[in-house]
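These notes are about the structure you will find just below.
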Protein chains: 2
Amino acid sequence: MKNEIRNERKLENRDFSTEDNKHFEGAMTQGNGYMNLRASFEEDLDGEEQGERYWRLPANVTLEKIRNPVSKWGLYVPGIYGKHPILGEELVNLPYLPGINLYCHNERFDMRLSRYSGYERSLDMRNGILRRSLTWETLAGPLEVCWERYLSMAEKHCLFQRITFCAREDMELTVENFLDGGVTTNGYDHIESFEGICGGGLEMYLTLDSGQQVGMKSVCRVPGEAKAVYKRHGRRIAETFRLDLKNQEEAVVEKAGIVVTDADEAEEPGDLKGRIQDLVRGLRDPDSDLSEHCRIWEQLWRQSDVEIDGDDSLQFHLRFSIYHLLRIANDSSRVAVDAKGYAGEAYFGHYFWDTEIYLLPFYIYTCPEQAKRLVSFRYHTLDGARRNAKSYGYRGARYPWEACVSGEEQCSNWQYADLEIHVTADVIYGLCKYCELTGDEEFLRREGLEMLLETARYWASRAEKRKGGWHLTGVMGPDEYLPFTADNAYTNYMVSDSLCRTLEVLEGADEETRAAFGVTPEECMLFDEIRRNLYIPYDRERKFIWQSADFAHFEDIDFDKVWTDRSRPFGNCISQERNYRCKALKQADTVALMYLFRERFSREIKKNCIAYYEDITTHDSSLSYIVHSLVYGDLGDKKASYDYAVKSMRLDWEDQGAAEGIHIANAGGLWQGGVCGFGGLLGVDESGRPLVRPQLPEHIVRIRYPVSLKGKKYQVCVEKDHIQIKECEED
Amino acid sequence: MKNEIRNERKLENRDFSTEDNKHFEGAMTQGNGYMNLRASFEEDLDGEEQGERYWRLPANVTLEKIRNPVSKWGLYVPGIYGKHPILGEELVNLPYLPGINLYCHNERFDMRLSRYSGYERSLDMRNGILRRSLTWETLAGPLEVCWERYLSMAEKHCLFQRITFCAREDMELTVENFLDGGVTTNGYDHIESFEGICGGGLEMYLTLDSGQQVGMKSVCRVPGEAKAVYKRHGRRIAETFRLDLKNQEEAVVEKAGIVVTDADEAEEPGDLKGRIQDLVRGLRDPDSDLSEHCRIWEQLWRQSDVEIDGDDSLQFHLRFSIYHLLRIANDSSRVAVDAKGYAGEAYFGHYFWDTEIYLLPFYIYTCPEQAKRLVSFRYHTLDGARRNAKSYGYRGARYPWEACVSGEEQCSNWQYADLEIHVTADVIYGLCKYCELTGDEEFLRREGLEMLLETARYWASRAEKRKGGWHLTGVMGPDEYLPFTADNAYTNYMVSDSLCRTLEVLEGADEETRAAFGVTPEECMLFDEIRRNLYIPYDRERKFIWQSADFAHFEDIDFDKVWTDRSRPFGNCISQERNYRCKALKQADTVALMYLFRERFSREIKKNCIAYYEDITTHDSSLSYIVHSLVYGDLGDKKASYDYAVKSMRLDWEDQGAAEGIHIANAGGLWQGGVCGFGGLLGVDESGRPLVRPQLPEHIVRIRYPVSLKGKKYQVCVEKDHIQIKECEED
């Protein structure tokens, strides 16, 4: 199945189907920096039990048989997590807030069971408003219904909903507003205590197994004098209203849903009830909230939109990516962006290297304050990283492969948790990129230095000296299909660079600072020795970099024999055992290295590497395509570069891959493909302005994008034979 | 804590302590070839809940915090398994059969709460009778109690129990016989349906989640006219009897417990109730059963006892090992011997390579029929092994690292399941040893050939040809501390030998047989090519074998820095991550190879290998010590050989390591240490008689042991300067 694209600013769906409903729930997820809500229907869907309990294991996230195949509710507040006995700290799926059932006499409206016509669902990417409309053919006659909802950018704790009815006969309608706490997260129930209050709306207070507390409230405004009738069933509380609809008269039901938690920043902790009362009291009238909400969204788009002339599909998919990148930008620096963009539970709400390598560039160049929050998140979890290093028997700080709020390792599969140590170097790479491009020297000299130093200490105790050289053995690179290797080129190069940065910043630090951090000249010498001697498996003669020093020990594989069905990932066609010992890559991390250090590798090495690795790369990772697009772009192969970008951009929308959430790293990657690839943004030039060297595909006429750089804002416009870089007034 | 040894034929314990009670439960486990029962007390123990439900993960069996630290009931019928969602097919802990509580008015007898004196618990290794006696200081006066029980060798479905009371005052005693189905296995409840019947004794019928059915019954005989009063609580059913005890008069309560299952061989399946009725009707009087039981045990000891003059401790520990090896010898060839000797749940009742490498020699030399059952078990699970090979993408048959009844892989940790492929070669090694030493040519030519051929086909599709040589990469050898290696010497040598045997047996097979198995000359040539070219990382100059071809990629480690507390395993002092990439071995598999092929490696190679590997071997595996003892023996270093044997023999009894079950492989290993090492049994000589080359430690005067060889029985007596080998009459 492929999604159509009708409007470059709207996500649309005009056929309800159990096959792809879950995909649309994910793809149209809404968010406002405080919370995120999957685009599930307001009402119950027949047969789609949301409280199923089962035992989710960490293995084979991408290969397992997915539960809840048709619909999965999801309301996520980043930072609100539970303690799963296997999966670790896990983002909690909160009680369903937007719930509204409709009854016409004995008929309950249900997308699966009811008769209806003219169905349309859309998400307006300009403002994050989700809209659904249809005509319900009730036994009492046709009823036009239109649902709208948005997570307010003006009042971040609020979800606003509106349902507009227009009946074609007089009829009686019952509206049931509900909050449902009977939900699970990956099959697990994290709610330890529950209080439901009916009266003056619906109210719910939870304590999670993390000890965190959550309060929710919903208030409805219905036409006429309808009085609420309350119901409870398990952890679901509900209130029903009876409406008398008149033929051809419009009737509107409005609902405000509120979420607060005791982890909310800059607010009084504890008294959730009081805060909810205040929020209810302070609610603006809906029209005024909406206009403020739209104004904020407009501003967000102004500083990030990429305009493409000549390729509607690329234009649409870039906006799809940017919409989600804007929607998941958290207001808090205590959380980062999880692998599924807070639009599903597949990776348990955990944070990976995606943050630094795939997402951060977008925020650095479009919204440096947001980039700072992400970099600060790593600073705030430095203590967790210290505990990780210690638990493994090392000094310093070791960032976790899978992070949550504490910074302690959350990954349950040892081969990733223990071996993908590159994440620690990736964090530093992101930190340095942030400081370089924003000019935030202060952060670099304080928090940054601490991060640099502590991770350098980790590397110094993790690396081993053998026969003059330094080595990192027992390592998995970003290519997760070779599980246990020695001297992975990507890792070693990143580590070496990270040590280099540490030494540079130490150099610039004053004596006092160095003393405060306990830095000795011997330590610096050690960092320097490792940096210079960390082994990179470079073949000088062939001008080629091996993925790892022991790459030759892995076996060649005849792809045509094994990968017989190319519509499925390669990993699904081979046992893990065989995959792990073959030269079949999930993604080519050596090629990724050539993008991360675009200016440091000769054209010849890049060419040799991509030529070799491309043939054995399966692109089973969603992070793989865009890297190939970018490196081919740097090599001047515009066709290959564009073809790979097309593969990358299709993942979530066209190929309907969003059921379990958004591939948010790919969204950030696609933005890099569009702006840093085609649009040619390389970084900063000597005068502090954007350095641009466009790689426009033949058919693209123009790309325009805004750039933030060292506190200034620019508008870049790239055409075939023309580059315009305009500094903008601050707004 | 160390156990004392007072009697070389008895396991004794005279102090009840919550610290070591669980150890004694395991160490004194009883068995009769049909079922196995841990030596838990008959009565409930205060605070020791047996129905705890928790989620047991497969990782870190040896490192985790153990549940049920004081007491764990266990009744196991090999072949009766449940389906655990993570642990796979799992041996089920059946309802507690020997349950008997004692009440004196309001006092319940409890080892933890009651006052008593003269406590003694013992297991007589000669006949497997467990005995406990003490004087219970009741409020009504002292009461001498003696509990005895045994699993009958005469009637394998029966547990016989007897309690003898002698009161020192007239008193009223209530005896509560119970069956308790409220038990779990590794925290999991495998019972899907349960029926409890009270009347004419207690009866219980279960259906497990494997679909298997189990029936249990107990009948009591009490003095006088006491009538049963029945009780039920959950899955526990009970009957109580009131006895009036007279001062100084002995009163005896007898109980017979019966277990049947629908998996029992050579019996009508299905009608469990009828079979139980028949068994109750056919019950012999206790004295007659006991004498038959003892006669069978005597016979077992006659064909296996090892007598040592000059070392009481070795004598005792060898008998301890032999007792358990006899106790767990199953009557069925549908099951093997699990890693904990059916005396605990730690390894889920799974079968490892232990069977062939550590246990089989004992049975081959003392009880060839039992050896045949174990070898046949592998034949019966050949189809499962075929399914394993297929699921990994290979041809032929691949034995599982962890086997249960189906032969399909049950190991939940991929690194063991996927990488410890040596088990398939180990199975063939065992098969060939069995056939060679028993002379069972018929088995070799039929079942054996099928096993050889199918495993050879697996190897042919698993091994890879590269630059002329053949390789097995992505492998874990028996040394589980190097997780992912290329060309492990142990594995490759074993595989090469296994292919060699396959070709030999194929050579001897007639055209018809070869055709029936679809053998082609090309296939044989391929086997031969692989056999000859499978790479062994042999360093000709140094006369040394590397553990694997990529051994140099692993790091040296400073043991003194890391392993600061030598009372704990090395693996507890280091993170798995670091352990996995260091040259620290759990056991030296290259050294093991030199024992398995004692005659094939030169003295020099042996010396060089043990010298190098010993320094980096942690012996964290219970399988490690005895191998070092044996290889040092072969090198003529009697002291080192004996010292390692001492370390091996202490594990279960002296060091109280039996809480979670018996290290049964070590028991088999110790027997090999005593007989094949000190006693010098090398195998068969050219005339078909035992080949003996003793390595008596200086202080040992004489070792005598029986040997079965090619259908004949011998008695070997080894003294310092004298070897006597006597052929025995058949009995």
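Naming scheme: A, B, ... for chains in displayed order of the structure tokens; residues 1 onward per chain; ligands 1 onward as shown.
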
(request) Quick one: pick out all strand (DSSP E or B) residues within stretch 528-615 of chain B from a backbone DSSP run and write them as a ChimeraX atom specification. (result) /B:534,538-539,544-545,548,555,582,585

Let's have the selection written as a PDB file, in the first residue's frame, with N, CA and C atoms.
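As a result, part11.pdb now contains:
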ATOM      1  N   LEU B 534      40.069 -28.181   7.494  1.00  0.00           N
ATOM      2  CA  LEU B 534      39.484 -27.315   8.521  1.00  0.00           C
ATOM      3  C   LEU B 534      40.639 -26.754   9.356  1.00  0.00           C
ATOM      4  N   TYR B 538      47.422 -23.864  14.679  1.00  0.00           N
ATOM      5  CA  TYR B 538      48.584 -24.510  15.266  1.00  0.00           C
ATOM      6  C   TYR B 538      49.842 -23.711  14.918  1.00  0.00           C
ATOM      7  N   ASP B 539      50.613 -23.411  15.927  1.00  0.00           N
ATOM      8  CA  ASP B 539      51.857 -22.688  15.727  1.00  0.00           C
ATOM      9  C   ASP B 539      52.993 -23.717  15.733  1.00  0.00           C
ATOM     10  N   PHE B 544      52.482 -25.196  19.604  1.00  0.00           N
ATOM     11  CA  PHE B 544      51.452 -24.628  20.465  1.00  0.00           C
ATOM     12  C   PHE B 544      50.169 -24.447  19.647  1.00  0.00           C
ATOM     13  N   ILE B 545      49.039 -24.655  20.312  1.00  0.00           N
ATOM     14  CA  ILE B 545      47.762 -24.465  19.614  1.00  0.00           C
ATOM     15  C   ILE B 545      47.049 -23.254  20.207  1.00  0.00           C
ATOM     16  N   SER B 548      41.919 -19.916  19.313  1.00  0.00           N
ATOM     17  CA  SER B 548      41.194 -19.592  18.091  1.00  0.00           C
ATOM     18  C   SER B 548      42.113 -18.782  17.188  1.00  0.00           C
ATOM     19  N   GLU B 555      42.383  -9.038  24.596  1.00  0.00           N
ATOM     20  CA  GLU B 555      43.331  -8.240  25.384  1.00  0.00           C
ATOM     21  C   GLU B 555      43.905  -9.026  26.559  1.00  0.00           C
ATOM     22  N   CYS B 582      38.622 -10.079  26.911  1.00  0.00           N
ATOM     23  CA  CYS B 582      39.922 -10.314  27.520  1.00  0.00           C
ATOM     24  C   CYS B 582      40.346 -11.764  27.397  1.00  0.00           C
ATOM     25  N   LEU B 585      39.956 -17.072  30.532  1.00  0.00           N
ATOM     26  CA  LEU B 585      39.148 -18.205  30.093  1.00  0.00           C
ATOM     27  C   LEU B 585      38.296 -18.755  31.229  1.00  0.00           C
TER      28      LEU B 585
END

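If you take only C-alpha atoms and a cut-off of 6 Å, the residues of chain B that reach chain A are Tyr392, Asp418, Gly474, Ser575, Glu577 and Arg581 of chain B.
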
From a DSSP pass on the backbone, collect the residues of stretch 186-367 of chain B flagged as helix (DSSP H, G or I) and hand them back as a short mmCIF file (atom, residue, chain, number, x, y, z; two decimals) with N, CA and C atoms, in the first residue's frame.
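Saved as part_25.cif:
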data_model
loop_
_atom_site.label_atom_id
_atom_site.label_comp_id
_atom_site.auth_asym_id
_atom_site.auth_seq_id
_atom_site.Cartn_x
_atom_site.Cartn_y
_atom_site.Cartn_z
N LEU B 272 -4.78 -42.56 33.54
CA LEU B 272 -3.95 -42.41 34.72
C LEU B 272 -4.64 -42.95 35.97
N LYS B 273 -5.95 -42.68 36.06
CA LYS B 273 -6.67 -43.12 37.26
C LYS B 273 -6.63 -44.64 37.40
N GLY B 274 -6.84 -45.33 36.29
CA GLY B 274 -6.79 -46.79 36.32
C GLY B 274 -5.42 -47.29 36.72
N ARG B 275 -4.38 -46.64 36.17
CA ARG B 275 -3.02 -47.09 36.48
C ARG B 275 -2.70 -46.85 37.95
N ILE B 276 -3.20 -45.75 38.46
CA ILE B 276 -2.96 -45.49 39.89
C ILE B 276 -3.67 -46.52 40.75
N GLN B 277 -4.90 -46.84 40.38
CA GLN B 277 -5.63 -47.90 41.11
C GLN B 277 -4.84 -49.21 41.11
N ASP B 278 -4.36 -49.58 39.91
CA ASP B 278 -3.58 -50.82 39.81
C ASP B 278 -2.34 -50.78 40.70
N LEU B 279 -1.67 -49.64 40.68
CA LEU B 279 -0.46 -49.52 41.49
C LEU B 279 -0.77 -49.62 42.98
N VAL B 280 -1.86 -48.99 43.41
CA VAL B 280 -2.23 -49.07 44.83
C VAL B 280 -2.55 -50.51 45.19
N ARG B 281 -3.30 -51.15 44.31
CA ARG B 281 -3.65 -52.54 44.58
C ARG B 281 -2.42 -53.43 44.64
N GLY B 282 -1.45 -53.15 43.78
CA GLY B 282 -0.27 -54.02 43.69
C GLY B 282 0.83 -53.69 44.68
N PRO B 286 5.75 -53.06 52.85
CA PRO B 286 6.94 -52.21 52.87
C PRO B 286 8.23 -52.98 53.05
N ASP B 287 8.27 -53.98 53.89
CA ASP B 287 9.53 -54.68 54.13
C ASP B 287 10.00 -55.40 52.88
N SER B 288 9.07 -55.99 52.19
CA SER B 288 9.45 -56.73 51.00
C SER B 288 9.93 -55.75 49.91
N ASP B 289 9.25 -54.61 49.78
CA ASP B 289 9.72 -53.63 48.80
C ASP B 289 11.11 -53.15 49.15
N LEU B 290 11.30 -52.88 50.43
CA LEU B 290 12.59 -52.35 50.87
C LEU B 290 13.72 -53.32 50.58
N SER B 291 13.48 -54.60 50.79
CA SER B 291 14.59 -55.52 50.59
C SER B 291 14.91 -55.64 49.10
N GLU B 292 13.89 -55.62 48.26
CA GLU B 292 14.14 -55.65 46.82
C GLU B 292 14.87 -54.36 46.38
N HIS B 293 14.41 -53.26 46.91
CA HIS B 293 15.03 -51.97 46.64
C HIS B 293 16.53 -52.00 46.97
N CYS B 294 16.84 -52.53 48.13
CA CYS B 294 18.24 -52.55 48.56
C CYS B 294 19.06 -53.51 47.70
N ARG B 295 18.44 -54.60 47.31
CA ARG B 295 19.13 -55.57 46.46
C ARG B 295 19.55 -54.90 45.13
N ILE B 296 18.65 -54.11 44.57
CA ILE B 296 18.96 -53.45 43.29
C ILE B 296 20.09 -52.43 43.46
N TRP B 297 19.99 -51.65 44.55
CA TRP B 297 21.07 -50.69 44.81
C TRP B 297 22.42 -51.40 44.98
N GLU B 298 22.39 -52.53 45.65
CA GLU B 298 23.63 -53.27 45.87
C GLU B 298 24.25 -53.66 44.54
N GLN B 299 23.40 -54.14 43.65
CA GLN B 299 23.84 -54.53 42.32
C GLN B 299 24.45 -53.34 41.56
N LEU B 300 23.77 -52.17 41.68
CA LEU B 300 24.28 -50.97 41.02
C LEU B 300 25.68 -50.61 41.51
N TRP B 301 25.83 -50.68 42.82
CA TRP B 301 27.14 -50.36 43.38
C TRP B 301 28.19 -51.39 42.96
N ARG B 302 27.78 -52.64 42.87
CA ARG B 302 28.76 -53.67 42.51
C ARG B 302 29.39 -53.35 41.16
N ASP B 312 40.74 -41.11 52.23
CA ASP B 312 39.33 -41.20 52.62
C ASP B 312 38.48 -40.12 51.97
N SER B 313 39.07 -38.95 51.82
CA SER B 313 38.28 -37.87 51.26
C SER B 313 37.96 -38.16 49.79
N LEU B 314 38.96 -38.55 49.04
CA LEU B 314 38.72 -38.90 47.63
C LEU B 314 37.72 -40.04 47.56
N GLN B 315 37.90 -41.03 48.46
CA GLN B 315 36.97 -42.16 48.48
C GLN B 315 35.52 -41.67 48.68
N PHE B 316 35.36 -40.83 49.68
CA PHE B 316 34.01 -40.32 49.96
C PHE B 316 33.45 -39.55 48.76
N HIS B 317 34.22 -38.64 48.23
CA HIS B 317 33.70 -37.79 47.16
C HIS B 317 33.44 -38.57 45.88
N LEU B 318 34.26 -39.57 45.65
CA LEU B 318 33.97 -40.41 44.48
C LEU B 318 32.64 -41.12 44.68
N ARG B 319 32.40 -41.60 45.90
CA ARG B 319 31.13 -42.30 46.15
C ARG B 319 29.97 -41.31 46.06
N PHE B 320 30.20 -40.11 46.54
CA PHE B 320 29.16 -39.07 46.41
C PHE B 320 28.81 -38.90 44.93
N SER B 321 29.83 -38.83 44.10
CA SER B 321 29.59 -38.67 42.66
C SER B 321 28.88 -39.88 42.09
N ILE B 322 29.37 -41.04 42.43
CA ILE B 322 28.78 -42.26 41.87
C ILE B 322 27.34 -42.42 42.34
N TYR B 323 27.08 -42.10 43.61
CA TYR B 323 25.70 -42.17 44.10
C TYR B 323 24.77 -41.37 43.18
N HIS B 324 25.16 -40.12 42.88
CA HIS B 324 24.28 -39.30 42.06
C HIS B 324 24.23 -39.78 40.61
N LEU B 325 25.35 -40.29 40.11
CA LEU B 325 25.34 -40.82 38.74
C LEU B 325 24.42 -42.03 38.64
N LEU B 326 24.36 -42.82 39.69
CA LEU B 326 23.45 -43.98 39.70
C LEU B 326 22.01 -43.51 39.89
N ARG B 327 21.83 -42.55 40.75
CA ARG B 327 20.50 -42.07 41.10
C ARG B 327 19.81 -41.41 39.91
N ASP B 354 27.54 -31.78 28.44
CA ASP B 354 27.94 -32.54 29.62
C ASP B 354 27.68 -34.04 29.42
N THR B 355 26.52 -34.30 28.84
CA THR B 355 26.08 -35.69 28.67
C THR B 355 27.18 -36.52 28.02
N GLU B 356 27.66 -36.07 26.88
CA GLU B 356 28.62 -36.88 26.13
C GLU B 356 30.02 -36.80 26.71
N ILE B 357 30.43 -35.58 27.10
CA ILE B 357 31.85 -35.40 27.44
C ILE B 357 32.13 -35.76 28.90
N TYR B 358 31.19 -35.47 29.77
CA TYR B 358 31.47 -35.68 31.19
C TYR B 358 30.80 -36.92 31.78
N LEU B 359 29.58 -37.24 31.31
CA LEU B 359 28.83 -38.32 31.96
C LEU B 359 28.99 -39.66 31.26
N LEU B 360 28.98 -39.62 29.97
CA LEU B 360 28.91 -40.87 29.21
C LEU B 360 30.01 -41.87 29.58
N PRO B 361 31.26 -41.43 29.75
CA PRO B 361 32.30 -42.42 30.07
C PRO B 361 31.94 -43.29 31.29
N PHE B 362 31.39 -42.65 32.33
CA PHE B 362 31.00 -43.45 33.50
C PHE B 362 30.04 -44.56 33.11
N TYR B 363 29.00 -44.20 32.34
CA TYR B 363 27.99 -45.21 32.00
C TYR B 363 28.54 -46.23 31.01
N ILE B 364 29.37 -45.79 30.07
CA ILE B 364 29.95 -46.74 29.11
C ILE B 364 30.72 -47.82 29.85
N TYR B 365 31.51 -47.42 30.83
CA TYR B 365 32.41 -48.36 31.52
C TYR B 365 31.74 -49.13 32.65
N THR B 366 30.58 -48.62 33.13
CA THR B 366 29.97 -49.32 34.28
C THR B 366 28.59 -49.86 33.96
#

(message) Using only C-alpha atoms, which protein or nucleic acid residues come within 8 Å of A:Leu449? Drop anything in the same chain fewer than 6 positions from it, and give the result as a PyMOL selection string.
(response) chain A and resi 502+505-506

Write out, as an mmCIF file, in the first residue's frame, the residues just selected, with N, CA and C atoms.
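Produced file result_12.cif, reproduced below:
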data_model
loop_
_atom_site.group_PDB
_atom_site.id
_atom_site.type_symbol
_atom_site.label_atom_id
_atom_site.label_comp_id
_atom_site.auth_asym_id
_atom_site.auth_seq_id
_atom_site.Cartn_x
_atom_site.Cartn_y
_atom_site.Cartn_z
ATOM 1 N N THR A 502 38.806 17.264 23.216
ATOM 2 C CA THR A 502 39.038 17.409 24.653
ATOM 3 C C THR A 502 40.326 18.177 24.900
ATOM 4 N N VAL A 505 39.988 21.906 24.039
ATOM 5 C CA VAL A 505 39.251 22.696 25.027
ATOM 6 C C VAL A 505 40.054 22.810 26.318
ATOM 7 N N LEU A 506 40.749 21.750 26.671
ATOM 8 C CA LEU A 506 41.611 21.801 27.858
ATOM 9 C C LEU A 506 42.700 22.851 27.682
#

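Going from atom CA of B:Met649 over to atom CA of B:Asp426, you cover 23.8 Å.
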
(request) Within 10 Å of stretch 369-380 of chain B, counting only C-alpha atoms, which residues show up once you throw out same-chain ones fewer than 6 positions away? Write them as a VMD selection string, please. (result) chain B and resid 326 329 to 337 355 to 356 359 to 363 399 403 405 to 407 427 to 428 430 to 432 434 to 435 438 440 443 447 to 448 450 to 451
